[in-house]
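Quick look at coords.csv (CSV, C-alpha atoms and all ligand atoms):
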chain,number,residue,atom,x,y,z
S,1,MET,CA,-28.9,17.9,3.6
S,2,LYS,CA,-29.9,14.4,4.8
S,3,THR,CA,-28.6,11.4,2.8
S,4,THR,CA,-32.0,10.5,1.5
S,5,THR,CA,-32.5,14.0,0.0
S,6,PHE,CA,-28.9,14.1,-1.3
S,7,LEU,CA,-29.4,10.9,-3.3
S,8,LEU,CA,-32.5,12.4,-5.0
S,9,ASP,CA,-31.1,15.9,-5.5
S,10,ASP,CA,-30.0,16.6,-9.0
S,11,GLY,CA,-31.6,20.0,-9.3
S,12,LEU,CA,-28.7,22.2,-10.5
S,13,ALA,CA,-27.4,19.7,-13.0
S,14,ARG,CA,-30.8,19.7,-14.7
S,15,ARG,CA,-30.3,23.2,-16.0
S,16,ASP,CA,-27.7,21.9,-18.4
S,17,ARG,CA,-29.9,19.3,-19.9
S,18,PHE,CA,-33.2,21.0,-20.8
S,19,GLY,CA,-34.6,20.2,-17.3
S,20,ALA,CA,-34.7,16.5,-18.1
S,21,VAL,CA,-35.3,14.7,-14.8
S,22,ASN,CA,-32.8,11.9,-15.4
S,23,PRO,CA,-29.2,12.5,-16.3
S,24,PRO,CA,-28.3,11.6,-19.9
S,25,ILE,CA,-26.3,8.4,-20.6
S,26,TYR,CA,-23.3,9.8,-22.5
S,27,HIS,CA,-22.8,6.9,-25.0
S,28,ALA,CA,-19.5,8.2,-26.4
S,29,SER,CA,-16.1,6.5,-26.5
S,30,THR,CA,-14.5,9.8,-27.6
S,31,PHE,CA,-15.0,13.5,-27.2
S,32,THR,CA,-14.2,16.2,-29.8
S,33,PHE,CA,-13.0,19.8,-29.3
S,34,PRO,CA,-13.9,23.1,-30.9
S,35,THR,CA,-10.3,24.2,-31.4
S,36,LEU,CA,-6.8,22.9,-31.6
S,37,GLN,CA,-6.0,24.9,-28.5
S,38,ALA,CA,-8.8,23.2,-26.5
S,39,PHE,CA,-7.6,19.8,-27.7
S,40,LEU,CA,-4.0,20.4,-26.8
S,41,GLU,CA,-5.0,21.5,-23.3
S,42,ALA,CA,-7.1,18.3,-22.8
S,43,MET,CA,-4.2,16.2,-24.1
S,44,ALA,CA,-1.9,17.9,-21.5
S,45,GLY,CA,-4.4,17.0,-18.8
S,46,ARG,CA,-5.5,20.5,-18.3
S,47,GLY,CA,-9.1,21.7,-18.5
S,48,GLU,CA,-12.3,20.3,-17.2
S,49,GLY,CA,-13.5,18.4,-20.2
S,50,TYR,CA,-13.5,14.7,-21.3
S,51,LEU,CA,-11.2,13.2,-23.8
S,52,TYR,CA,-11.9,9.4,-24.0
S,53,SER,CA,-14.3,7.4,-22.0
S,54,ARG,CA,-11.7,4.9,-20.7
S,55,GLU,CA,-10.3,7.9,-18.7
S,56,GLY,CA,-13.6,9.6,-17.8
S,57,ASN,CA,-17.2,9.9,-18.8
S,58,PRO,CA,-19.8,12.4,-17.5
S,59,THR,CA,-22.4,9.8,-16.5
S,60,VAL,CA,-19.8,7.8,-14.7
S,61,ARG,CA,-18.5,11.0,-13.0
S,62,ALA,CA,-22.0,11.8,-11.7
S,63,LEU,CA,-22.0,8.5,-10.0
S,64,GLU,CA,-18.5,8.9,-8.6
S,65,ASP,CA,-19.4,12.3,-7.2
S,66,LYS,CA,-22.4,10.9,-5.2
S,67,LEU,CA,-20.4,7.9,-3.9
S,68,ALA,CA,-17.4,10.0,-2.8
S,69,VAL,CA,-19.8,12.1,-0.6
S,70,LEU,CA,-21.6,9.1,0.8
S,71,GLU,CA,-18.3,7.4,1.8
S,72,GLY,CA,-16.9,10.5,3.3
S,73,ALA,CA,-14.0,10.4,0.8
S,74,ASP,CA,-12.1,13.0,-1.2
S,75,ALA,CA,-12.3,11.0,-4.4
S,76,CYS,CA,-14.1,8.1,-6.0
S,77,LEU,CA,-13.3,5.9,-9.0
S,78,CYS,CA,-15.9,3.5,-10.4
S,79,THR,CA,-14.8,0.3,-12.2
S,80,ALA,CA,-16.3,-2.5,-14.3
S,81,SER,CA,-16.8,-4.8,-11.3
S,82,GLY,CA,-16.0,-5.2,-7.7
S,83,MET,CA,-13.0,-7.4,-8.5
S,84,ALA,CA,-11.8,-4.7,-11.0
S,85,ALA,CA,-11.8,-2.2,-8.1
S,86,ILE,CA,-10.1,-4.6,-5.7
S,87,THR,CA,-7.4,-5.8,-8.1
S,88,ALA,CA,-6.7,-2.3,-9.4
S,89,ALA,CA,-6.4,-1.0,-5.8
S,90,ILE,CA,-4.0,-3.8,-4.8
S,91,LEU,CA,-1.9,-3.4,-7.9
S,92,ALA,CA,-1.7,0.4,-7.4
S,93,VAL,CA,-0.1,0.1,-4.0
S,94,VAL,CA,2.3,-2.9,-4.0
S,95,GLN,CA,5.6,-3.7,-5.8
S,96,ALA,CA,7.6,-6.8,-6.3
S,97,GLY,CA,9.0,-7.9,-3.0
S,98,ASP,CA,6.2,-6.5,-0.9
S,99,HIS,CA,4.1,-8.4,1.6
S,100,VAL,CA,0.3,-8.1,2.0
S,101,LEU,CA,-1.5,-9.1,5.2
S,102,VAL,CA,-5.1,-10.2,4.5
S,103,VAL,CA,-8.0,-11.2,6.7
S,104,GLU,CA,-8.9,-14.8,6.1
S,105,SER,CA,-12.6,-14.0,6.0
S,106,CYS,CA,-12.3,-11.8,2.8
S,107,TYR,CA,-14.1,-12.4,-0.4
S,108,GLY,CA,-12.8,-15.7,-1.9
S,109,PRO,CA,-11.7,-14.5,-5.3
S,110,VAL,CA,-9.4,-11.9,-3.6
S,111,ARG,CA,-7.5,-14.9,-2.0
S,112,ARG,CA,-7.4,-16.5,-5.4
S,113,PHE,CA,-6.0,-13.3,-7.0
S,114,LEU,CA,-3.3,-13.1,-4.4
S,115,HIS,CA,-2.4,-16.8,-4.8
S,116,GLU,CA,-2.8,-17.2,-8.6
S,117,VAL,CA,-1.7,-13.7,-9.9
S,118,MET,CA,0.2,-11.7,-7.4
S,119,ALA,CA,2.4,-14.5,-6.1
S,120,GLY,CA,3.8,-14.8,-9.6
S,121,LEU,CA,4.6,-11.1,-9.6
S,122,GLY,CA,6.7,-11.5,-6.5
S,123,ILE,CA,4.1,-10.3,-3.9
S,124,THR,CA,3.7,-12.5,-0.9
S,125,ALA,CA,0.3,-12.7,0.9
S,126,THR,CA,-0.3,-14.2,4.3
S,127,PHE,CA,-3.7,-14.5,6.0
S,128,PHE,CA,-4.8,-13.7,9.6
S,129,HIS,CA,-7.8,-15.1,11.5
S,130,PRO,CA,-10.6,-12.5,11.8
S,131,GLU,CA,-10.6,-12.7,15.6
S,132,THR,CA,-7.0,-11.6,15.8
S,133,ASP,CA,-6.8,-8.6,18.1
S,134,ASP,CA,-3.2,-7.6,17.4
S,135,ILE,CA,-1.8,-8.0,13.9
S,136,THR,CA,1.5,-6.2,14.9
S,137,PRO,CA,3.4,-9.5,15.2
S,138,LEU,CA,2.3,-10.5,11.7
S,139,LEU,CA,3.5,-7.4,10.0
S,140,ARG,CA,6.8,-7.8,8.2
S,141,SER,CA,9.4,-5.2,7.1
S,142,ARG,CA,8.0,-5.3,3.6
S,143,THR,CA,4.3,-5.3,4.6
S,144,ARG,CA,2.9,-2.6,2.4
S,145,LEU,CA,-0.8,-3.4,2.6
S,146,VAL,CA,-3.3,-4.7,5.1
S,147,TYR,CA,-6.5,-5.9,3.5
S,148,LEU,CA,-9.7,-6.0,5.5
S,149,GLU,CA,-13.4,-6.8,5.0
S,150,SER,CA,-16.0,-6.3,7.8
S,151,PRO,CA,-18.5,-7.8,8.2
S,152,GLY,CA,-17.1,-10.8,6.2
S,153,SER,CA,-19.5,-11.7,3.5
S,154,LEU,CA,-19.4,-15.5,4.3
S,155,SER,CA,-18.7,-15.8,8.0
S,156,PHE,CA,-19.8,-12.3,9.0
S,157,HIS,CA,-16.9,-11.8,11.4
S,158,ILE,CA,-16.7,-8.2,12.7
S,159,LEU,CA,-13.2,-6.6,12.6
S,160,ASP,CA,-12.2,-3.7,14.9
S,161,LEU,CA,-11.4,-1.3,12.0
S,162,ALA,CA,-10.0,1.6,14.1
S,163,ARG,CA,-7.6,-0.7,16.0
S,164,LEU,CA,-6.4,-2.7,12.9
S,165,CYS,CA,-5.9,0.6,10.9
S,166,ALA,CA,-3.9,2.1,13.7
S,167,GLN,CA,-1.7,-1.0,14.0
S,168,ALA,CA,-1.1,-1.0,10.2
S,169,HIS,CA,-0.3,2.7,10.1
S,170,ARG,CA,2.1,2.5,13.0
S,171,HIS,CA,4.0,0.1,10.8
S,172,GLY,CA,3.8,2.3,7.7
S,173,ALA,CA,1.3,0.0,5.9
S,174,LEU,CA,-1.8,1.1,3.9
S,175,VAL,CA,-5.2,-0.3,4.6
S,176,ILE,CA,-7.9,-1.3,2.0
S,177,THR,CA,-11.3,-2.2,3.4
S,178,ASP,CA,-14.1,-4.0,1.5
S,179,ASN,CA,-17.3,-2.3,2.6
S,180,SER,CA,-19.8,-4.1,0.4
S,181,TRP,CA,-21.9,-5.7,3.2
S,182,ALA,CA,-22.7,-2.5,5.0
S,183,THR,CA,-22.7,0.0,2.1
S,184,PRO,CA,-21.5,3.6,2.8
S,185,LEU,CA,-24.9,4.3,4.4
S,186,TYR,CA,-24.3,1.9,7.3
S,187,GLN,CA,-20.5,2.1,7.7
S,188,GLN,CA,-17.8,4.5,6.6
S,189,PRO,CA,-14.3,2.8,7.0
S,190,HIS,CA,-12.5,6.0,6.2
S,191,ARG,CA,-13.7,7.4,9.6
S,192,PHE,CA,-11.7,4.6,11.2
S,193,GLY,CA,-8.6,5.3,9.2
S,194,SER,CA,-8.9,3.1,6.1
S,195,ASP,CA,-6.9,4.7,3.3
S,196,ILE,CA,-8.8,3.0,0.5
S,197,VAL,CA,-12.4,1.6,0.6
S,198,VAL,CA,-13.6,-0.8,-2.1
S,199,HIS,CA,-17.1,-2.0,-2.9
S,200,SER,CA,-18.8,-4.5,-5.0
S,201,GLY,CA,-21.5,-2.0,-6.1
S,202,THR,CA,-23.0,-5.0,-7.9
S,203,LYS,CA,-24.6,-5.8,-4.6
S,204,TYR,CA,-26.7,-3.3,-2.6
S,205,ILE,CA,-25.5,0.0,-4.3
S,206,ALA,CA,-26.9,-0.9,-7.7
S,207,GLY,CA,-29.3,-3.2,-5.9
S,208,HIS,CA,-31.3,-4.8,-8.8
S,209,SER,CA,-29.0,-7.7,-9.9
S,210,ASP,CA,-28.8,-6.1,-13.4
S,211,VAL,CA,-25.3,-4.5,-13.4
S,212,LEU,CA,-21.7,-5.2,-12.4
S,213,LEU,CA,-20.0,-2.3,-10.6
S,214,GLY,CA,-16.9,-1.6,-8.6
S,215,VAL,CA,-16.2,1.4,-6.4
S,216,ILE,CA,-12.9,2.7,-5.0
S,217,THR,CA,-12.7,5.7,-2.7
S,218,THR,CA,-9.8,7.3,-0.9
S,219,THR,CA,-9.1,10.1,1.4
S,220,ARG,CA,-5.7,10.7,-0.1
S,221,LYS,CA,-5.1,12.8,-3.2
S,222,ASP,CA,-1.7,11.1,-3.9
S,223,LEU,CA,-3.4,7.7,-3.8
S,224,TYR,CA,-6.2,8.8,-6.0
S,225,THR,CA,-3.8,9.8,-8.8
S,226,ARG,CA,-2.1,6.4,-8.6
S,227,LEU,CA,-5.4,4.5,-8.4
S,228,LYS,CA,-6.7,6.4,-11.4
S,229,THR,CA,-3.6,5.7,-13.4
S,230,VAL,CA,-3.6,2.0,-12.7
S,231,ALA,CA,-7.4,1.5,-13.1
S,232,THR,CA,-7.3,3.4,-16.4
S,233,LEU,CA,-4.3,1.5,-17.8
S,234,LEU,CA,-5.9,-1.8,-16.9
S,235,GLY,CA,-9.0,-0.7,-18.8
S,236,ALA,CA,-11.1,-1.6,-15.8
S,237,THR,CA,-13.5,1.3,-16.7
S,238,LEU,CA,-17.2,1.4,-16.0
S,239,GLY,CA,-19.5,2.0,-18.9
S,240,PRO,CA,-22.0,4.9,-18.9
S,241,ALA,CA,-25.1,2.6,-19.2
S,242,GLU,CA,-24.0,0.8,-16.0
S,243,ALA,CA,-23.3,4.1,-14.3
S,244,TYR,CA,-26.9,5.2,-15.1
S,245,LEU,CA,-28.4,2.0,-13.6
S,246,ALA,CA,-26.3,2.5,-10.5
S,247,LEU,CA,-27.4,6.1,-10.2
S,248,ARG,CA,-31.0,4.9,-10.4
S,249,GLY,CA,-30.3,2.2,-7.8
S,250,LEU,CA,-28.7,4.7,-5.5
S,251,ARG,CA,-31.9,6.8,-5.3
S,252,THR,CA,-33.7,4.1,-3.4
S,253,LEU,CA,-30.7,2.8,-1.4
S,254,PRO,CA,-31.9,4.2,1.9
S,255,LEU,CA,-35.4,2.8,1.4
S,256,ARG,CA,-34.1,-0.6,0.2
S,257,LEU,CA,-31.6,-1.0,3.0
S,258,ALA,CA,-34.2,-0.2,5.7
S,259,ARG,CA,-36.4,-3.0,4.3
S,260,HIS,CA,-33.4,-5.4,3.9
S,261,GLN,CA,-32.6,-4.7,7.5
S,262,GLU,CA,-36.1,-5.2,8.8
S,263,ASN,CA,-36.7,-8.4,6.7
S,264,GLY,CA,-33.2,-9.8,7.5
S,265,LEU,CA,-33.6,-9.4,11.3
S,266,ALA,CA,-37.1,-10.8,11.2
S,267,VAL,CA,-36.0,-13.9,9.3
S,268,ALA,CA,-32.8,-14.3,11.4
S,269,ARG,CA,-34.8,-14.1,14.7
S,270,TRP,CA,-37.4,-16.6,13.4
S,271,LEU,CA,-34.6,-19.0,12.3
S,272,GLN,CA,-32.8,-18.7,15.7
S,273,SER,CA,-35.8,-20.1,17.5
S,274,HIS,CA,-36.3,-23.1,15.1
S,275,PRO,CA,-35.4,-26.5,16.5
S,276,LYS,CA,-33.7,-27.7,13.3
S,277,VAL,CA,-31.4,-24.6,13.3
S,278,ARG,CA,-28.0,-24.9,14.9
S,279,ARG,CA,-26.8,-21.3,14.6
S,280,VAL,CA,-27.6,-18.0,13.0
S,281,LEU,CA,-24.7,-15.8,11.9
S,282,HIS,CA,-26.2,-12.3,11.8
S,283,PRO,CA,-24.1,-9.4,13.3
S,284,GLY,CA,-27.3,-7.7,14.4
S,285,LEU,CA,-28.3,-10.5,16.9
S,286,PRO,CA,-27.2,-9.7,20.4
S,287,THR,CA,-25.7,-13.2,20.7
S,288,PHE,CA,-23.4,-12.7,17.7
S,289,PRO,CA,-19.7,-12.4,18.6
S,290,ARG,CA,-18.6,-8.7,18.8
S,291,HIS,CA,-22.2,-7.6,18.4
S,292,GLU,CA,-21.3,-4.6,20.7
S,293,LEU,CA,-18.5,-3.5,18.4
S,294,ALA,CA,-20.7,-3.9,15.3
S,295,THR,CA,-23.3,-1.7,16.9
S,296,ARG,CA,-20.7,1.1,17.5
S,297,GLN,CA,-19.0,0.7,14.1
S,298,MET,CA,-22.1,0.5,11.9
S,299,GLN,CA,-25.4,2.4,11.7
S,300,GLY,CA,-27.5,-0.5,10.5
S,301,TRP,CA,-27.6,-4.1,9.3
S,302,SER,CA,-28.1,-5.2,5.7
S,303,GLY,CA,-30.0,-8.4,4.7
S,304,LEU,CA,-27.1,-10.9,4.2
S,305,PHE,CA,-26.4,-13.5,6.8
S,306,GLY,CA,-25.7,-17.1,7.5
S,307,VAL,CA,-27.7,-20.0,9.0
S,308,GLU,CA,-26.4,-23.5,9.9
S,309,LEU,CA,-28.8,-26.4,10.3
S,310,HIS,CA,-28.3,-29.4,12.5
S,311,PRO,CA,-26.5,-32.1,10.3
S,312,PRO,CA,-28.9,-33.9,8.0
S,313,ALA,CA,-30.0,-37.5,8.4
S,314,SER,CA,-28.9,-38.1,4.8
S,315,PRO,CA,-27.4,-35.9,2.1
S,316,GLU,CA,-30.9,-36.0,0.3
S,317,GLN,CA,-32.2,-33.8,3.1
S,318,ARG,CA,-30.2,-30.9,1.9
S,319,HIS,CA,-31.7,-31.2,-1.5
S,320,ALA,CA,-35.2,-31.6,-0.2
S,321,PHE,CA,-34.9,-28.4,1.9
S,322,VAL,CA,-33.3,-26.2,-0.8
S,323,ASN,CA,-35.5,-27.5,-3.6
S,324,ALA,CA,-38.7,-26.8,-1.6
S,325,LEU,CA,-38.0,-23.1,-1.3
S,326,ARG,CA,-40.2,-20.9,-3.6
S,327,HIS,CA,-39.0,-17.4,-2.9
S,328,PHE,CA,-35.3,-17.9,-2.3
S,329,GLY,CA,-33.5,-18.5,-5.6
S,330,ILE,CA,-30.5,-20.9,-5.5
S,331,GLY,CA,-27.5,-18.8,-6.6
S,332,VAL,CA,-24.5,-16.8,-5.8
S,333,SER,CA,-24.4,-13.0,-5.4
S,334,TRP,CA,-26.6,-10.9,-3.0
S,335,GLY,CA,-27.8,-7.4,-2.4
S,336,GLY,CA,-30.5,-7.4,-5.1
S,337,TYR,CA,-34.3,-6.9,-4.6
S,338,GLU,CA,-34.8,-10.7,-4.7
S,339,SER,CA,-34.1,-13.3,-2.0
S,340,LEU,CA,-31.3,-15.8,-2.7
S,341,ILE,CA,-29.9,-18.8,-0.9
S,342,LEU,CA,-26.3,-20.0,-1.3
S,343,PRO,CA,-25.7,-23.5,0.0
S,344,LEU,CA,-22.1,-23.7,1.4
S,345,TYR,CA,-22.0,-27.5,1.2
S,346,THR,CA,-18.7,-28.6,-0.4
S,347,GLU,CA,-16.8,-31.8,-1.1
S,348,ASP,CA,-13.6,-29.9,-1.9
S,349,PRO,CA,-11.1,-30.5,1.0
S,350,ALA,CA,-9.4,-27.1,0.4
S,351,VAL,CA,-12.7,-25.3,0.7
S,352,ALA,CA,-13.8,-27.4,3.7
S,353,ALA,CA,-10.4,-26.5,5.4
S,354,HIS,CA,-11.1,-22.8,4.8
S,355,TYR,CA,-14.6,-23.2,6.3
S,356,ALA,CA,-13.1,-24.9,9.3
S,357,ARG,CA,-10.6,-22.1,9.9
S,358,LEU,CA,-13.5,-19.7,9.9
S,359,GLY,CA,-15.6,-21.9,12.2
S,360,LEU,CA,-18.2,-22.5,9.5
S,361,SER,CA,-20.0,-25.9,9.2
S,362,ASN,CA,-20.6,-27.8,6.0
S,363,ASP,CA,-24.3,-27.5,6.6
S,364,GLY,CA,-24.4,-23.7,6.3
S,365,TYR,CA,-26.4,-21.6,4.0
S,366,ARG,CA,-26.1,-17.9,3.2
S,367,LEU,CA,-29.3,-16.0,2.8
S,368,SER,CA,-29.6,-12.8,0.9
S,369,VAL,CA,-33.0,-11.5,2.2
S,370,GLY,CA,-34.7,-9.4,-0.4
S,371,LEU,CA,-37.5,-6.9,-0.5
S,372,GLU,CA,-40.4,-9.3,-0.5
S,373,ASP,CA,-42.9,-9.4,2.4
S,374,GLY,CA,-41.0,-10.7,5.4
S,375,ASP,CA,-43.9,-13.0,6.4
S,376,ASP,CA,-43.9,-14.7,3.0
S,377,LEU,CA,-40.1,-15.3,3.4
S,378,ILE,CA,-40.6,-16.9,6.8
S,379,ALA,CA,-43.5,-19.0,5.6
S,380,ASP,CA,-41.3,-20.2,2.7
S,381,LEU,CA,-38.5,-21.3,5.1
S,382,GLU,CA,-40.9,-22.8,7.5
S,383,ALA,CA,-42.5,-25.0,4.8
S,384,ALA,CA,-39.2,-26.0,3.3
S,385,LEU,CA,-37.8,-27.0,6.7
S,386,THR,CA,-40.6,-29.5,7.1
S,387,HIS,CA,-38.8,-31.4,4.3
S,388,TYR,CA,-35.5,-31.5,6.2
S,389,GLU,CA,-34.8,-34.3,8.7
S,390,PRO,CA,-31.8,-33.7,10.9
S,391,ASP,CA,-29.7,-36.6,12.1
S,392,ASP,CA,-31.3,-38.9,14.7
S,393,GLY,CA,-31.6,-37.5,18.1
S,394,ARG,CA,-30.7,-34.0,17.0
S,395,GLU,CA,-34.2,-32.8,16.1
S,396,GLY,CA,-35.7,-30.7,18.8
S,397,THR,CA,-32.5,-30.2,20.8
S,398,MET,CA,-31.4,-26.8,21.8
S,399,ASP,CA,-27.8,-26.2,21.1
S,400,ASP,CA,-25.7,-24.0,23.3
S,401,THR,CA,-23.6,-22.8,20.4
S,402,ARG,CA,-26.5,-20.7,19.3
O,501,LIG,C1,-19.3,-9.9,-5.0
O,501,LIG,C2,-18.2,-9.4,-4.1
O,501,LIG,C3,-17.0,-8.8,-4.6
O,501,LIG,C4,-16.7,-8.8,-6.1
O,501,LIG,O1,-17.6,-7.9,-6.8
O,501,LIG,P1,-18.0,-8.2,-8.3
O,501,LIG,O2,-18.8,-7.0,-8.6
O,501,LIG,O3,-18.7,-9.5,-8.4
O,501,LIG,O4,-16.7,-8.3,-9.1
O,501,LIG,C5,-16.1,-8.2,-3.7
O,501,LIG,N1,-16.3,-8.3,-2.4
O,501,LIG,C6,-17.4,-8.9,-1.9
O,501,LIG,C7,-17.6,-8.9,-0.4
O,501,LIG,C8,-18.4,-9.4,-2.7
O,501,LIG,O5,-19.4,-10.0,-2.2
Since I need it in another form, could you write the structure as structure tokens?
Amino acid sequence: MKTTTFLLDDGLARRDRFGAVNPPIYHASTFTFPTLQAFLEAMAGRGEGYLYSREGNPTVRALEDKLAVLEGADACLCTASGMAAITAAILAVVQAGDHVLVVESCYGPVRRFLHEVMAGLGITATFFHPETDDITPLLRSRTRLVYLESPGSLSFHILDLARLCAQAHRHGALVITDNSWATPLYQQPHRFGSDIVVHSGTKYIAGHSDVLLGVITTTRKDLYTRLKTVATLLGATLGPAEAYLALRGLRTLPLRLARHQENGLAVARWLQSHPKVRRVLHPGLPTFPRHELATRQMQGWSGLFGVELHPPASPEQRHAFVNALRHFGIGVSWGGYESLILPLYTEDPAVAAHYARLGLSNDGYRLSVGLEDGDDLIADLEAALTHYEPDDGREGTMDDTR
């Protein structure tokens, strides 16, 4: 069965619910049993039923079953947010004294979690540049985990997943990969050896900016048991209403991604030829570093990418450009139906240093290209850029870093 059909197929399950087209939202914290015997078996962890929704809920299970298949995993666990998935997965596999090797281009709050929470528990984290080909020299005797994200959701660096997983495994380390950008439709990191895959399902999977969702999948039964234990004890559980919204979002994921891809490429190509644009960071452009690898590793491009403008004549130019946009909302997050712009501009020296390490300029913007008509989005950017004056002498020049 093709993915599109699989995501719409709920035929057999309908028999158990009077033929209702949509799955019920099981709004129940607890479940009751017909007999003491049935209750005792559930308490002992035997039997198929449900006991308490922190540990499992039928609506959440329906979502987990679909996502496990999509990701090519043996098991899936949904959590209350992407960060709940990531933190539970890290906590499940490391112990005091362990070392974690992390790609510098990972999601910012993951770095904060490692610095502000895990360091205090005796877990050391070091970071490697996303262009590192060989991480072997960076692995330590206590390196238990290598943490990856590709493409990075700020700098869009492409990692060679098969190579990095092999290097980690030779050393006996596990690999977690954040697959939020590509979604399981366009990339399946388990195929390249990743032991655990995590998602912010808040983004494309749910797709409508109306729900927080985390996803953990694994190809290893032993890891699943451990992940389930830790996520459940942390109380990082997804609620049934959120699971329902995500199931609804999943039905149109193939259609939405195709549109995000088309719009994203159209906007990226248009920006790339604009004289006020310094650089476009879109893995689908042939000029993007490691574009060839990205083409082999992924089956498509989502709609999130970066654009850097030539430095402005004055700081007011940034405001004039961003405030003139009508279809791009100013805000964080991405992957919803609506277009968003995230200005990266910062006056914080620590953040600026992080940008510099990733090769990002202070005049960068991240665009989450939504499902609107692509021509309207381009017209919006074109009009807003007429309000932006680059520094003297820069306007109209073609830059070879493009
Ligand atoms: C948003 C995001 C997360 C965190 O997900 P939440 O659902 O917001 O907790 C993790 N990874 C990436 C790449 C993200 O963009």
Of the candidates S:Pro343, S:Pro289, S:Gly329, S:Gly335, which shows the shortest atom-to-atom distance to ligand LIG 501 (chain O), using only C-alpha atoms and all ligand atoms?
->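 Nearest candidate to ligand LIG 501 (chain O) out of S:Pro343, S:Pro289, S:Gly329, S:Gly335: S:Gly335.
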Choose the residue, out of S:Pro34, S:Pro390, S:Gly120, S:Gly82, that has the smallest atom-to-atom separation from ligand LIG 501 (chain O); count only C-alpha atoms and all ligand atoms.
->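 Among S:Pro34, S:Pro390, S:Gly120, S:Gly82, it is S:Gly82 that comes nearest to ligand LIG 501 (chain O).
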For each of S:Ile86, S:Leu121, S:Leu360, S:Leu185, take the minimum atom-to-atom distance to S:Leu70, counting all atoms listed in the file, then give the residue where this is smallest.
->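 Among the listed residues, the smallest separation from S:Leu70 belongs to S:Leu185.
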Could you give me the residues within 7 Å of ligand LIG 501 (chain O), counting all atoms listed in the file, as a list in words?
->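 Those residues are Ser81, Gly82, Met83, Ala84, Cys106, Tyr107, Gly152, Ser153, Asp178, Ser180, Trp181, His199, Ser200, Gly201, Thr202, Lys203, Leu212, Leu213, Gly214 and Ser333 of chain S.
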Quick one: pull the distance between atom CA of S:Pro240 and atom CA of S:Leu77, Å, one decimal.
->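 Result for atom CA of S:Pro240 versus atom CA of S:Leu77: 13.2 Å, one decimal.
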Which is closest to S:Asp380 among S:Leu271, S:Val277, S:Leu36, S:Leu344, if we use only C-alpha atoms?
->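 For S:Asp380, the nearest of the given residues is S:Leu271.
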Please indicate the distance in Å from atom CA of S:Tyr147 to atom CA of S:Arg61, rounded to one decimal place.
->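 Atom-to-atom, atom CA of S:Tyr147 and atom CA of S:Arg61 are spaced 26.5 Å apart.
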If you measure from atom CA of S:Asp391 to atom CA of S:Ser273, what distance in Å do you get, rounded to one decimal?
-> 18.4 Å
Between S:Ala73, S:Leu281, S:Ile135, S:Gly56, single out the one closest to S:Gly193, counting only C-alpha atoms.
-> S:Ala73
Excluding stretch 165-175 of chain S and any residue of its chain fewer than 4 positions from it, enumerate the residues within 9 Å of it, using only C-alpha atoms, and give them as a PyMOL selection string.
-> chain S and resi 93+134-136+139-148+160-161+192-197
Which residue of S:Trp301, S:Leu377, S:Leu385, S:Asp392 approaches S:Ala313 most closely, using all atoms listed in the file |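 That would be S:Asp392, the residue with the smallest distance to S:Ala313.
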Neighbour list for S:Leu238 as a list in words, cut-off 7 Å, only C-alpha atoms, skip fewer than 5 positions in-chain =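 Within the cut-off, the hits are Cys78, Thr79, Ala80 and Ala243 of chain S.
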